[in-house]
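Coordinates as given in data.cif (mmCIF, C-alpha atoms):
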data_entry
#
loop_
_atom_site.label_atom_id
_atom_site.label_comp_id
_atom_site.auth_asym_id
_atom_site.auth_seq_id
_atom_site.Cartn_x
_atom_site.Cartn_y
_atom_site.Cartn_z
CA MET A 1 62.61 13.87 52.31
CA LEU A 2 63.02 11.28 49.58
CA ASP A 3 64.74 12.03 46.30
CA LEU A 4 62.12 10.30 44.19
CA ILE A 5 58.63 8.84 44.45
CA ILE A 6 57.62 6.43 41.70
CA ILE A 7 53.87 5.90 41.35
CA GLY A 8 53.12 2.52 39.79
CA SER A 9 54.90 -0.84 39.86
CA GLY A 10 54.41 -2.08 36.32
CA PRO A 11 57.34 -2.50 33.92
CA ALA A 12 57.74 1.30 33.61
CA GLY A 13 57.79 1.97 37.36
CA LEU A 14 60.07 -1.00 38.12
CA SER A 15 62.50 -0.03 35.37
CA ALA A 16 62.56 3.54 36.70
CA ALA A 17 63.24 2.15 40.18
CA ILE A 18 66.23 0.12 38.98
CA TYR A 19 67.73 3.07 37.13
CA GLY A 20 66.98 5.34 40.07
CA ILE A 21 68.55 3.12 42.71
CA ARG A 22 71.65 2.60 40.56
CA ALA A 23 71.90 6.39 40.39
CA ASN A 24 71.94 6.36 44.21
CA LEU A 25 68.57 8.05 44.55
CA ASP A 26 66.65 7.54 47.79
CA LEU A 27 63.37 6.36 46.33
CA LEU A 28 60.04 4.71 47.10
CA VAL A 29 57.63 2.92 44.76
CA ILE A 30 53.93 3.36 45.58
CA GLU A 31 51.79 0.54 44.21
CA LYS A 32 48.04 0.15 44.46
CA ASP A 33 48.07 -3.66 44.18
CA TYR A 34 49.83 -5.86 46.71
CA GLU A 35 53.00 -7.03 44.95
CA GLY A 36 51.49 -5.78 41.71
CA THR A 37 53.25 -5.63 38.37
CA GLY A 38 50.62 -3.86 36.28
CA GLN A 39 48.84 -4.94 33.15
CA VAL A 40 51.59 -7.36 32.09
CA ALA A 41 50.40 -9.73 34.82
CA LEU A 42 47.11 -10.14 32.97
CA SER A 43 48.72 -11.27 29.75
CA SER A 44 48.64 -15.00 29.09
CA LYS A 45 51.83 -14.92 27.05
CA VAL A 46 54.31 -12.23 26.02
CA ASP A 47 56.19 -13.22 22.90
CA ASN A 48 57.75 -9.94 21.84
CA TYR A 49 60.05 -9.03 24.73
CA LEU A 50 63.68 -9.52 23.87
CA GLY A 51 65.36 -12.42 25.63
CA LEU A 52 62.29 -13.76 27.45
CA PRO A 53 60.17 -15.37 24.71
CA GLY A 54 57.12 -17.41 25.60
CA LEU A 55 56.91 -16.30 29.22
CA ASP A 56 53.44 -15.76 30.67
CA GLY A 57 52.83 -12.16 31.70
CA TYR A 58 52.50 -12.92 35.38
CA SER A 59 55.90 -14.64 35.57
CA MET A 60 57.49 -11.86 33.55
CA GLY A 61 56.08 -9.29 35.99
CA GLU A 62 57.39 -11.35 38.92
CA GLN A 63 60.89 -11.46 37.40
CA PHE A 64 60.84 -7.69 36.87
CA ARG A 65 59.68 -7.12 40.41
CA GLN A 66 62.21 -9.53 41.93
CA HIS A 67 64.96 -7.66 40.11
CA ALA A 68 63.86 -4.43 41.81
CA VAL A 69 63.49 -6.14 45.21
CA ASP A 70 67.00 -7.64 44.89
CA PHE A 71 68.37 -4.16 44.21
CA GLY A 72 66.84 -2.90 47.45
CA VAL A 73 63.85 -0.99 46.10
CA LYS A 74 61.27 -0.19 48.79
CA PHE A 75 57.53 -0.47 48.10
CA LEU A 76 54.45 1.05 49.71
CA GLU A 77 51.04 -0.50 49.04
CA ALA A 78 48.56 2.36 48.79
CA THR A 79 46.39 4.26 46.33
CA VAL A 80 47.49 7.79 45.54
CA THR A 81 44.74 10.30 46.31
CA SER A 82 46.52 13.59 45.56
CA ILE A 83 49.78 14.93 44.17
CA GLU A 84 50.76 18.48 45.07
CA GLN A 85 53.80 20.67 44.75
CA ASP A 86 54.95 22.80 47.65
CA PRO A 87 54.71 26.40 46.40
CA SER A 88 57.87 27.58 48.18
CA ASP A 89 60.58 24.96 47.70
CA LYS A 90 58.82 23.08 44.85
CA HIS A 91 59.12 19.62 46.42
CA TRP A 92 56.30 17.11 45.84
CA ILE A 93 53.74 15.86 48.35
CA VAL A 94 51.95 12.63 47.50
CA LYS A 95 48.99 11.70 49.71
CA THR A 96 47.68 8.15 49.88
CA SER A 97 44.46 6.36 50.77
CA ASP A 98 45.94 5.01 54.02
CA GLY A 99 45.98 8.60 55.30
CA GLY A 100 49.74 8.94 54.97
CA GLN A 101 51.84 11.22 52.84
CA GLN A 102 55.24 10.97 51.18
CA GLU A 103 57.48 13.83 50.17
CA ALA A 104 60.18 13.90 47.52
CA LYS A 105 62.18 16.18 45.28
CA ALA A 106 60.75 14.53 42.16
CA VAL A 107 57.93 12.21 41.07
CA ILE A 108 57.74 9.68 38.25
CA TYR A 109 54.12 8.90 37.40
CA ALA A 110 53.82 5.41 35.91
CA ALA A 111 50.31 4.39 36.92
CA GLY A 112 49.51 2.76 33.58
CA ALA A 113 46.15 2.08 32.03
CA VAL A 114 43.12 -0.15 32.52
CA HIS A 115 40.91 -1.89 29.96
CA ARG A 116 38.26 0.24 28.32
CA LYS A 117 34.61 -0.62 28.79
CA LEU A 118 32.25 -0.67 25.86
CA GLU A 119 29.69 1.53 27.63
CA ALA A 120 26.90 -0.50 25.98
CA LYS A 121 23.56 -1.33 27.55
CA GLY A 122 23.68 -4.62 29.44
CA GLU A 123 27.46 -4.64 29.74
CA GLU A 124 27.62 -3.89 33.46
CA GLU A 125 24.62 -6.04 34.42
CA LEU A 126 25.93 -9.09 32.53
CA SER A 127 29.58 -8.75 33.56
CA GLY A 128 30.66 -12.22 34.69
CA LYS A 129 27.47 -13.67 33.15
CA GLY A 130 28.76 -13.81 29.61
CA VAL A 131 30.50 -10.44 29.36
CA SER A 132 34.25 -10.85 29.81
CA TYR A 133 37.40 -8.76 29.41
CA CYS A 134 39.84 -11.69 29.34
CA ALA A 135 39.54 -14.35 26.65
CA THR A 136 42.38 -16.48 27.97
CA CYS A 137 40.77 -16.49 31.44
CA ASP A 138 37.22 -17.30 30.45
CA GLY A 139 37.48 -18.98 27.04
CA ALA A 140 37.31 -22.41 28.62
CA PHE A 141 33.77 -21.71 29.83
CA TYR A 142 32.65 -21.34 26.20
CA ARG A 143 33.87 -24.61 24.72
CA GLY A 144 31.64 -25.50 21.77
CA LYS A 145 29.63 -22.29 22.20
CA VAL A 146 29.19 -19.17 20.06
CA THR A 147 31.00 -16.03 21.16
CA ALA A 148 31.73 -12.51 19.94
CA VAL A 149 34.86 -10.40 20.33
CA VAL A 150 34.60 -6.60 20.13
CA GLY A 151 37.62 -4.59 18.95
CA GLY A 152 40.14 -4.24 16.14
CA GLY A 153 43.56 -4.18 17.79
CA ASP A 154 46.09 -6.90 18.58
CA THR A 155 44.29 -7.98 21.75
CA ALA A 156 40.93 -8.35 20.00
CA LEU A 157 42.35 -10.39 17.14
CA ASP A 158 44.48 -12.55 19.43
CA ASP A 159 41.37 -13.17 21.52
CA ALA A 160 39.37 -14.15 18.42
CA LEU A 161 42.11 -16.58 17.36
CA TYR A 162 42.32 -18.08 20.82
CA LEU A 163 38.54 -18.50 21.07
CA SER A 164 38.29 -19.96 17.56
CA GLY A 165 40.17 -23.00 18.89
CA LEU A 166 37.56 -23.54 21.60
CA CYS A 167 34.28 -22.19 20.28
CA GLU A 168 32.02 -23.40 17.51
CA LYS A 169 31.93 -19.90 16.08
CA VAL A 170 33.40 -16.50 16.86
CA TYR A 171 32.06 -13.17 15.59
CA LEU A 172 34.65 -10.40 15.44
CA ILE A 173 32.80 -7.10 15.76
CA HIS A 174 34.75 -4.00 14.77
CA ARG A 175 33.56 -0.47 14.14
CA ARG A 176 35.79 0.08 11.08
CA ASP A 177 36.64 -2.10 8.10
CA GLY A 178 40.41 -2.08 8.71
CA PHE A 179 42.27 -3.50 11.73
CA ARG A 180 45.00 -1.88 13.83
CA ALA A 181 46.41 -5.31 14.66
CA ALA A 182 49.63 -6.65 13.11
CA GLU A 183 49.14 -7.91 9.56
CA ILE A 184 50.35 -11.42 10.41
CA THR A 185 47.56 -11.65 13.00
CA VAL A 186 44.93 -10.22 10.65
CA ASN A 187 45.83 -12.83 8.02
CA LYS A 188 45.55 -15.63 10.57
CA VAL A 189 42.09 -14.39 11.57
CA LYS A 190 40.94 -14.18 7.98
CA ALA A 191 42.10 -17.75 7.37
CA LYS A 192 39.95 -19.15 10.20
CA GLU A 193 36.72 -20.65 8.92
CA ASN A 194 34.88 -20.26 12.21
CA ILE A 195 35.64 -16.55 12.66
CA GLU A 196 33.07 -14.31 11.01
CA LEU A 197 34.06 -10.67 10.57
CA VAL A 198 31.30 -8.19 11.44
CA LEU A 199 32.78 -4.91 10.24
CA ASN A 200 31.60 -1.30 10.37
CA ALA A 201 29.44 -2.41 13.28
CA GLN A 202 28.95 -1.12 16.80
CA VAL A 203 27.32 -2.82 19.76
CA ASP A 204 24.05 -1.26 20.86
CA GLU A 205 22.99 -3.66 23.60
CA ILE A 206 24.11 -6.92 25.17
CA ILE A 207 21.00 -8.96 25.88
CA GLY A 208 20.29 -11.70 28.43
CA ASP A 209 18.69 -12.34 31.79
CA GLU A 210 20.79 -14.72 33.83
CA ARG A 211 23.23 -15.15 30.96
CA VAL A 212 24.10 -13.39 27.73
CA ASN A 213 22.05 -14.77 24.84
CA SER A 214 22.49 -12.18 22.09
CA VAL A 215 23.99 -8.89 21.07
CA ARG A 216 22.17 -6.18 19.13
CA LEU A 217 24.17 -3.97 16.81
CA LYS A 218 23.42 -0.32 16.08
CA ASP A 219 22.37 -1.21 12.52
CA GLY A 220 19.59 -3.35 14.00
CA ARG A 221 21.15 -6.78 13.41
CA THR A 222 21.04 -9.26 16.28
CA LEU A 223 23.62 -12.03 16.73
CA ASP A 224 22.84 -15.04 18.95
CA ILE A 225 25.81 -15.61 21.24
CA ASN A 226 26.67 -17.24 24.57
CA GLY A 227 29.41 -14.84 25.50
CA ILE A 228 31.03 -11.58 24.47
CA PHE A 229 34.65 -10.52 25.00
CA ILE A 230 35.42 -6.81 25.12
CA ALA A 231 38.87 -5.84 23.80
CA THR A 232 38.47 -2.22 22.81
CA GLY A 233 41.74 -0.88 24.18
CA SER A 234 42.66 0.87 27.39
CA VAL A 235 42.24 4.15 29.23
CA PRO A 236 44.99 5.90 31.20
CA VAL A 237 44.83 6.03 35.00
CA THR A 238 45.04 9.79 35.47
CA GLU A 239 41.95 10.59 37.54
CA VAL A 240 44.15 12.08 40.28
CA LEU A 241 45.61 14.55 37.73
CA LYS A 242 42.36 15.57 36.04
CA ASP A 243 42.51 19.16 37.34
CA THR A 244 46.04 19.77 36.06
CA ASP A 245 47.18 21.01 32.66
CA LEU A 246 49.39 17.95 32.15
CA LEU A 247 46.90 15.83 30.20
CA ASN A 248 45.74 15.70 26.60
CA SER A 249 42.06 15.39 25.72
CA ALA A 250 42.21 11.57 25.97
CA GLY A 251 43.63 11.75 29.49
CA TYR A 252 47.25 10.82 28.70
CA ILE A 253 50.13 12.80 30.22
CA VAL A 254 51.86 14.79 27.50
CA ALA A 255 55.61 14.13 27.24
CA ASP A 256 58.21 12.92 24.77
CA GLU A 257 60.52 9.98 25.46
CA THR A 258 62.47 11.94 28.09
CA GLY A 259 59.38 11.74 30.31
CA ILE A 260 59.66 15.47 31.02
CA THR A 261 56.20 17.00 31.54
CA LYS A 262 55.08 20.62 31.81
CA ALA A 263 55.59 20.45 35.59
CA PRO A 264 59.26 20.69 36.66
CA GLY A 265 60.17 17.64 38.76
CA PHE A 266 57.13 15.63 37.62
CA PHE A 267 58.01 12.93 35.10
CA VAL A 268 55.97 10.30 33.31
CA ALA A 269 56.69 6.77 32.07
CA GLY A 270 54.80 3.89 30.48
CA ASP A 271 51.31 3.48 29.02
CA VAL A 272 50.08 6.65 30.68
CA ARG A 273 52.34 8.80 28.48
CA THR A 274 51.40 10.10 25.01
CA LYS A 275 53.13 7.75 22.59
CA ALA A 276 52.61 5.56 19.55
CA LEU A 277 53.34 2.07 20.88
CA ARG A 278 52.26 0.80 24.28
CA GLN A 279 54.17 -2.42 25.00
CA VAL A 280 56.29 -3.88 27.80
CA VAL A 281 59.46 -2.97 25.92
CA THR A 282 58.48 0.69 25.50
CA ALA A 283 57.36 0.88 29.15
CA VAL A 284 60.76 -0.40 30.31
CA SER A 285 62.47 2.12 28.05
CA ASP A 286 60.29 4.93 29.41
CA GLY A 287 61.20 4.00 32.97
CA ALA A 288 64.91 4.26 32.22
CA ASN A 289 64.44 7.61 30.46
CA ALA A 290 62.25 9.12 33.16
CA ALA A 291 64.64 8.04 35.95
CA THR A 292 67.56 9.59 34.06
CA SER A 293 65.60 12.81 33.55
CA ALA A 294 64.65 12.82 37.23
CA GLU A 295 68.26 12.28 38.27
CA HIS A 296 69.41 15.26 36.16
CA TYR A 297 66.64 17.39 37.64
CA ILE A 298 67.56 16.45 41.22
CA THR A 299 71.28 17.00 40.64
CA GLU A 300 70.64 20.50 39.36
CA LEU A 301 68.38 21.56 42.24
CA MET B 1 45.75 -18.85 58.41
CA ALA B 2 46.42 -20.16 54.96
CA GLU B 3 43.61 -20.54 52.47
CA VAL B 4 41.63 -23.79 52.44
CA VAL B 5 41.84 -25.77 49.20
CA LEU B 6 38.22 -26.50 48.31
CA THR B 7 36.92 -29.55 46.44
CA LYS B 8 33.47 -30.98 45.82
CA ASP B 9 34.13 -33.31 48.78
CA ASN B 10 34.89 -30.66 51.40
CA PHE B 11 32.80 -27.78 50.01
CA GLU B 12 29.80 -28.53 52.20
CA ALA B 13 31.77 -28.91 55.41
CA GLU B 14 34.19 -26.02 54.84
CA VAL B 15 31.88 -23.49 53.17
CA LEU B 16 28.18 -24.31 53.48
CA ASN B 17 28.36 -25.43 57.11
CA SER B 18 30.94 -22.89 58.27
CA ASP B 19 30.18 -20.92 61.44
CA ILE B 20 31.91 -17.84 60.05
CA PRO B 21 31.60 -16.14 56.61
CA VAL B 22 33.66 -17.77 53.86
CA LEU B 23 35.28 -15.96 50.96
CA VAL B 24 35.76 -18.33 48.02
CA ASP B 25 38.19 -17.51 45.20
CA PHE B 26 37.30 -19.37 41.97
CA TRP B 27 40.50 -19.47 39.93
CA ALA B 28 42.65 -21.41 37.45
CA THR B 29 46.38 -21.75 36.83
CA TRP B 30 46.17 -20.39 33.27
CA CYS B 31 44.39 -17.16 34.19
CA GLY B 32 46.62 -14.07 34.56
CA PRO B 33 44.23 -11.98 36.66
CA CYS B 34 43.70 -15.01 38.94
CA LYS B 35 47.44 -15.24 39.55
CA LYS B 36 47.54 -11.52 40.18
CA LEU B 37 44.70 -11.88 42.68
CA GLY B 38 46.46 -14.80 44.45
CA PRO B 39 48.66 -12.75 46.80
CA VAL B 40 45.73 -10.42 47.58
CA ILE B 41 43.57 -13.38 48.63
CA ALA B 42 46.45 -14.81 50.68
CA GLN B 43 46.84 -11.49 52.47
CA ILE B 44 43.12 -11.33 53.26
CA ALA B 45 43.26 -14.88 54.63
CA GLU B 46 46.04 -13.87 56.98
CA GLU B 47 44.51 -10.58 58.10
CA LYS B 48 40.97 -11.91 58.61
CA GLU B 49 41.95 -15.09 60.40
CA GLY B 50 39.24 -16.08 62.88
CA THR B 51 36.57 -13.78 61.43
CA VAL B 52 36.46 -14.78 57.76
CA LYS B 53 37.56 -18.10 56.30
CA VAL B 54 39.18 -17.95 52.88
CA GLY B 55 38.97 -20.81 50.38
CA LYS B 56 40.35 -21.40 46.90
CA LEU B 57 38.51 -23.45 44.31
CA ASN B 58 40.37 -24.46 41.15
CA VAL B 59 37.70 -24.42 38.42
CA ASP B 60 39.68 -26.86 36.26
CA ASP B 61 39.73 -29.50 38.96
CA GLU B 62 36.26 -28.76 40.31
CA MET B 63 34.16 -27.85 37.27
CA ALA B 64 30.95 -29.17 38.87
CA VAL B 65 31.14 -26.81 41.85
CA ALA B 66 32.07 -23.90 39.55
CA SER B 67 29.10 -24.50 37.29
CA LYS B 68 26.77 -24.91 40.27
CA TYR B 69 27.58 -21.30 41.16
CA ASN B 70 27.33 -20.16 37.52
CA ILE B 71 30.99 -19.19 37.25
CA MET B 72 31.55 -17.90 33.70
CA SER B 73 34.40 -15.54 34.34
CA ILE B 74 37.46 -15.89 36.55
CA PRO B 75 38.64 -14.76 38.94
CA THR B 76 35.26 -14.69 40.69
CA VAL B 77 35.14 -14.22 44.44
CA ILE B 78 31.95 -15.13 46.31
CA LEU B 79 31.18 -14.40 49.97
CA PHE B 80 29.14 -17.17 51.63
CA LYS B 81 27.20 -16.56 54.83
CA GLY B 82 25.17 -19.30 56.49
CA GLY B 83 25.66 -21.55 53.46
CA GLU B 84 24.33 -18.99 50.97
CA PRO B 85 26.25 -16.89 48.44
CA VAL B 86 25.52 -13.30 49.44
CA ASN B 87 27.77 -11.25 47.16
CA THR B 88 29.89 -11.85 44.06
CA SER B 89 32.88 -9.95 42.69
CA VAL B 90 34.17 -10.61 39.18
CA GLY B 91 37.65 -9.76 37.93
CA PHE B 92 40.77 -8.43 39.61
CA LYS B 93 40.32 -6.01 42.47
CA THR B 94 42.75 -4.59 45.01
CA LYS B 95 42.59 -5.68 48.63
CA GLU B 96 40.96 -2.41 49.66
CA GLU B 97 38.34 -2.72 46.92
CA LEU B 98 37.53 -6.33 47.85
CA LEU B 99 37.25 -5.63 51.59
CA SER B 100 34.99 -2.65 51.04
CA PHE B 101 32.92 -4.44 48.37
CA PHE B 102 32.21 -7.35 50.70
CA GLY B 103 32.06 -5.22 53.85
CA ILE B 104 34.45 -7.50 55.73
#
Same coordinates, now as C-alpha cells:
Amino acid sequence: MLDLIIIGSGPAGLSAAIYGIRANLDLLVIEKDYEGTGQVALSSKVDNYLGLPGLDGYSMGEQFRQHAVDFGVKFLEATVTSIEQDPSDKHWIVKTSDGGQQEAKAVIYAAGAVHRKLEAKGEEELSGKGVSYCATCDGAFYRGKVTAVVGGGDTALDDALYLSGLCEKVYLIHRRDGFRAAEITVNKVKAKENIELVLNAQVDEIIGDERVNSVRLKDGRTLDINGIFIATGSVPVTEVLKDTDLLNSAGYIVADETGITKAPGFFVAGDVRTKALRQVVTAVSDGANAATSAEHYITEL
Amino acid sequence: MAEVVLTKDNFEAEVLNSDIPVLVDFWATWCGPCKKLGPVIAQIAEEKEGTVKVGKLNVDDEMAVASKYNIMSIPTVILFKGGEPVNTSVGFKTKEELLSFFGI
C-alpha cells in the first residue's frame, strides 16, 4: 500500500508531491491529462508568480512538472472514477477509468477547476463557430471584427484588453455594474476607446447559423458581433465526490489552509478548496500545506 | 510514427488522398490549450500508427487551409475520411475523450 495518492497534477498536486517525496512518503500522482499541469497550461502569460515573471503558463507548468519528475515523483495517467475508504482499517481505495485501483493511507485531492459555461441558448451549438473560451487562442481569428466578452473578473477584463488590440470593437458584458477584477485592470479597460461596457446585462441567446452574428441580452437588446468570449469563472471538479458531505453548495471541498477535510486522511489542495483567492501561488501553498497535514496524519496512524 | 507537418502544398496528398483516416490538429504556438494538447496528439500518433495518420497544421503559417475548414477556435481537431471532414472537436480534450469522440 502507498502512503499517499495525490489526485491532480496542477501546481497544487505537484507542490504536494514535492513536499511529500521530501518527507519520504511513498506516493503516486494520478493525472487525467497526459503530462498535464492543470489550468496554468492554458494561461498565455503568468505575471504574478514570484521569481518567474513573464513566463507563459504552459512553460511554467512544464517547469513545475519537471521539478517533480527530477525528484522521482511517479505519475499515473487515468481518470478517477471513485474514492472510497475501507471501513475497517480506514485506508483509501481510488478506482480509475482504466479499470485499476490504487490504495493508500491518505489522499490529497487537487483536481482543480474547469471554465464555467454560460448555459445560454446557442452556446453549445456555436462553440468553435464564434463562441470561444480562450481569447488569447482565438483572438487572431477576429482581427478587425466586432466581439463581445462576458464576465467581470480578471480573466474577462484581460481578455477584453487583449481583444481591443485586435478587434474594431469589443463589448464587455457583465451582469453587475462593478467588476471583481483588479482596479489597475479595470482602469485600463475604461481607458480603451474601443471597449464598450454593457453592464447589468445578461446573455439570453447567442445567435447565428454557420457563425455567430449577434447576441441577444435578457433586456431585449441585440448586439451585432462576430464572436463571443466566455470568461465567467470556473467550476470545481468534484463530480466524483458529489455523494459525500465534504462539499459546500457550490461544489468546493470545505477546508482551511491546512487542507484538512471532514474525512480523516482525505486532504484537499488548490482551486477545488474553499478559499478567497485562486491563483498559482495559492495552489502551490495549498499543496505544501496538504502534504504536511497528510504526513502528520500518516505518522500518527 | 511522428505527426506529419501539413501545409497547403501537401494537404491534398497527405490528408485528402490518404488511404487511412487522418486526424488533423489545427494549432498555433501562442495558444496554451494547443500546447497542452500537443503531447496528447503525439501519443495518439504513436499508438494509432498504421490505422490513423496524424497531422499538425499551424494556422499561422497556413491561414488559407485553416479558413477553408472554417477554423475559428483552436485547438480544433478534425477527422478526415476519404478526403472529407467527418467530425470536429474544439478545445482541449484528454486522450480518452478524443479517442472515444472520434471512435478511433
- Message: Just checking: using all atoms listed in the file, which residue out of B:Asn70, B:Asn58, B:Gln43, B:Asn17 ends up closest to B:Val5?
- Response: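 Answer, going by the shortest atom-to-atom distance: B:Asn58.
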- chain A contacts on chain B, all atoms listed in the file, 10 Å, as a ChimeraX atom specification: /B:27-41,43,59-60,63,67,70-76,88-96
- Could you state the separation of atom CA of A:Val272 and atom CA of A:Ala111 in Å, given to one decimal place?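 So the answer is 6.6 Å.
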Pull the neighbourhood of (38.2, -17.1, 59.7) for me: all residues within 8 Å in file coordinates, counting only C-alpha atoms, as a PDB file with C-alpha atoms, in the coordinates of the input.
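Written out: selection_30.pdb:
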ATOM      1  CA  MET B   1      45.750 -18.850  58.410  1.00  0.00           C
ATOM      2  CA  ILE B  20      31.910 -17.840  60.050  1.00  0.00           C
ATOM      3  CA  PRO B  21      31.600 -16.140  56.610  1.00  0.00           C
ATOM      4  CA  VAL B  22      33.660 -17.770  53.860  1.00  0.00           C
ATOM      5  CA  ALA B  45      43.260 -14.880  54.630  1.00  0.00           C
ATOM      6  CA  LYS B  48      40.970 -11.910  58.610  1.00  0.00           C
ATOM      7  CA  GLU B  49      41.950 -15.090  60.400  1.00  0.00           C
ATOM      8  CA  GLY B  50      39.240 -16.080  62.880  1.00  0.00           C
ATOM      9  CA  THR B  51      36.570 -13.780  61.430  1.00  0.00           C
ATOM     10  CA  VAL B  52      36.460 -14.780  57.760  1.00  0.00           C
ATOM     11  CA  LYS B  53      37.560 -18.100  56.300  1.00  0.00           C
ATOM     12  CA  VAL B  54      39.180 -17.950  52.880  1.00  0.00           C
TER      13      VAL B  54
END
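Nearest to A:Ile108 of all the residues A:Leu28, A:Thr244, A:Leu277, A:Asp177 is A:Leu28, counting only C-alpha atoms.
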- Spatial neighbours of A:Thr232, 10 Å, only C-alpha atoms, chain gap at least 3 places, as a count of residues only: 16
- Task: Tell me, as number ranges by chain, which residues lie within 6 Å of A:Gly287, counting all atoms listed in the file; anything in the same chain fewer than 2 positions away does not count.
- Result: A: 12-13, 15-16, 269, 284-285, 289-290
Please write the residues from the selection above to a file, keeping C-alpha atoms, as a JSON list (two decimals), keeping the file's coordinate frame.
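Wrote again02.json, looks like this:
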[["chain", "number", "residue", "atom", "x", "y", "z"],
["A", 12, "ALA", "CA", 57.74, 1.30, 33.61],
["A", 13, "GLY", "CA", 57.79, 1.97, 37.36],
["A", 15, "SER", "CA", 62.50, -0.03, 35.37],
["A", 16, "ALA", "CA", 62.56, 3.54, 36.70],
["A", 269, "ALA", "CA", 56.69, 6.77, 32.07],
["A", 284, "VAL", "CA", 60.76, -0.40, 30.31],
["A", 285, "SER", "CA", 62.47, 2.12, 28.05],
["A", 289, "ASN", "CA", 64.44, 7.61, 30.46],
["A", 290, "ALA", "CA", 62.25, 9.12, 33.16]]
- Query: At what distance in Å, to one decimal, does atom CA of A:Ser9 lie from atom CA of A:Asp245?
  - Reply: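 So the two atoms, atom CA of A:Asp245 and atom CA of A:Ser9, lie 24.3 Å apart.
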- Task: Name the residues that the PyMOL selection byres ((chain A and resi 74) around 8) pulls out of this structure, and write them as an MDAnalysis selection string.
- Result: chainID A and resid 27:29 69 72:73 75:76
- At what distance in Å, to one decimal, does atom CA of A:Ile253 lie from atom CA of A:Lys275? 9.6 Å
- Task: Determine the residue set returned by the PyMOL selection byres ((chain B and resi 3) around 6) for the present structure, and present it as an MDAnalysis selection string.
- Result: chainID B and resid 2 4 54:55
Since the input lacks some atoms of stretch 219-224 of chain A, please model all heavy atoms and print them as a PDB file, in the frame of the given file.
ATOM      1  N   ASP A 219      23.097  -1.174  13.797  1.00  0.00           N
ATOM      2  CA  ASP A 219      22.370  -1.210  12.520  1.00  0.00           C
ATOM      3  C   ASP A 219      21.123  -2.086  12.603  1.00  0.00           C
ATOM      4  O   ASP A 219      20.451  -2.328  11.585  1.00  0.00           O
ATOM      5  CB  ASP A 219      23.284  -1.663  11.382  1.00  0.00           C
ATOM      6  CG  ASP A 219      23.842  -3.057  11.611  1.00  0.00           C
ATOM      7  OD1 ASP A 219      23.323  -3.778  12.487  1.00  0.00           O
ATOM      8  OD2 ASP A 219      24.807  -3.439  10.921  1.00  0.00           O
ATOM      9  N   GLY A 220      20.819  -2.598  13.820  1.00  0.00           N
ATOM     10  CA  GLY A 220      19.590  -3.350  14.000  1.00  0.00           C
ATOM     11  C   GLY A 220      19.763  -4.860  13.972  1.00  0.00           C
ATOM     12  O   GLY A 220      18.883  -5.591  14.419  1.00  0.00           O
ATOM     13  N   ARG A 221      20.924  -5.329  13.453  1.00  0.00           N
ATOM     14  CA  ARG A 221      21.150  -6.780  13.410  1.00  0.00           C
ATOM     15  C   ARG A 221      21.292  -7.339  14.825  1.00  0.00           C
ATOM     16  O   ARG A 221      21.816  -6.672  15.713  1.00  0.00           O
ATOM     17  CB  ARG A 221      22.453  -7.078  12.663  1.00  0.00           C
ATOM     18  CG  ARG A 221      22.286  -7.222  11.168  1.00  0.00           C
ATOM     19  CD  ARG A 221      23.607  -7.600  10.534  1.00  0.00           C
ATOM     20  NE  ARG A 221      24.582  -6.507  10.632  1.00  0.00           N
ATOM     21  CZ  ARG A 221      25.865  -6.632  10.279  1.00  0.00           C
ATOM     22  NH1 ARG A 221      26.329  -7.804   9.851  1.00  0.00           N
ATOM     23  NH2 ARG A 221      26.692  -5.615  10.365  1.00  0.00           N
ATOM     24  N   THR A 222      20.846  -8.582  15.010  1.00  0.00           N
ATOM     25  CA  THR A 222      21.040  -9.260  16.280  1.00  0.00           C
ATOM     26  C   THR A 222      21.805 -10.554  16.042  1.00  0.00           C
ATOM     27  O   THR A 222      21.473 -11.311  15.120  1.00  0.00           O
ATOM     28  CB  THR A 222      19.689  -9.562  16.954  1.00  0.00           C
ATOM     29  OG1 THR A 222      19.018  -8.328  17.182  1.00  0.00           O
ATOM     30  CG2 THR A 222      19.886 -10.261  18.287  1.00  0.00           C
ATOM     31  N   LEU A 223      22.858 -10.788  16.837  1.00  0.00           N
ATOM     32  CA  LEU A 223      23.620 -12.030  16.730  1.00  0.00           C
ATOM     33  C   LEU A 223      23.358 -12.865  17.982  1.00  0.00           C
ATOM     34  O   LEU A 223      23.446 -12.356  19.101  1.00  0.00           O
ATOM     35  CB  LEU A 223      25.122 -11.729  16.638  1.00  0.00           C
ATOM     36  CG  LEU A 223      25.576 -10.734  15.565  1.00  0.00           C
ATOM     37  CD1 LEU A 223      27.071 -10.419  15.742  1.00  0.00           C
ATOM     38  CD2 LEU A 223      25.313 -11.282  14.164  1.00  0.00           C
ATOM     39  N   ASP A 224      23.035 -14.151  17.798  1.00  0.00           N
ATOM     40  CA  ASP A 224      22.840 -15.040  18.950  1.00  0.00           C
ATOM     41  C   ASP A 224      24.202 -15.518  19.435  1.00  0.00           C
ATOM     42  O   ASP A 224      24.966 -16.112  18.671  1.00  0.00           O
ATOM     43  CB  ASP A 224      21.985 -16.245  18.540  1.00  0.00           C
ATOM     44  CG  ASP A 224      20.535 -15.834  18.302  1.00  0.00           C
ATOM     45  OD1 ASP A 224      20.129 -14.794  18.853  1.00  0.00           O
ATOM     46  OD2 ASP A 224      19.829 -16.535  17.554  1.00  0.00           O
TER      47      ASP A 224
END
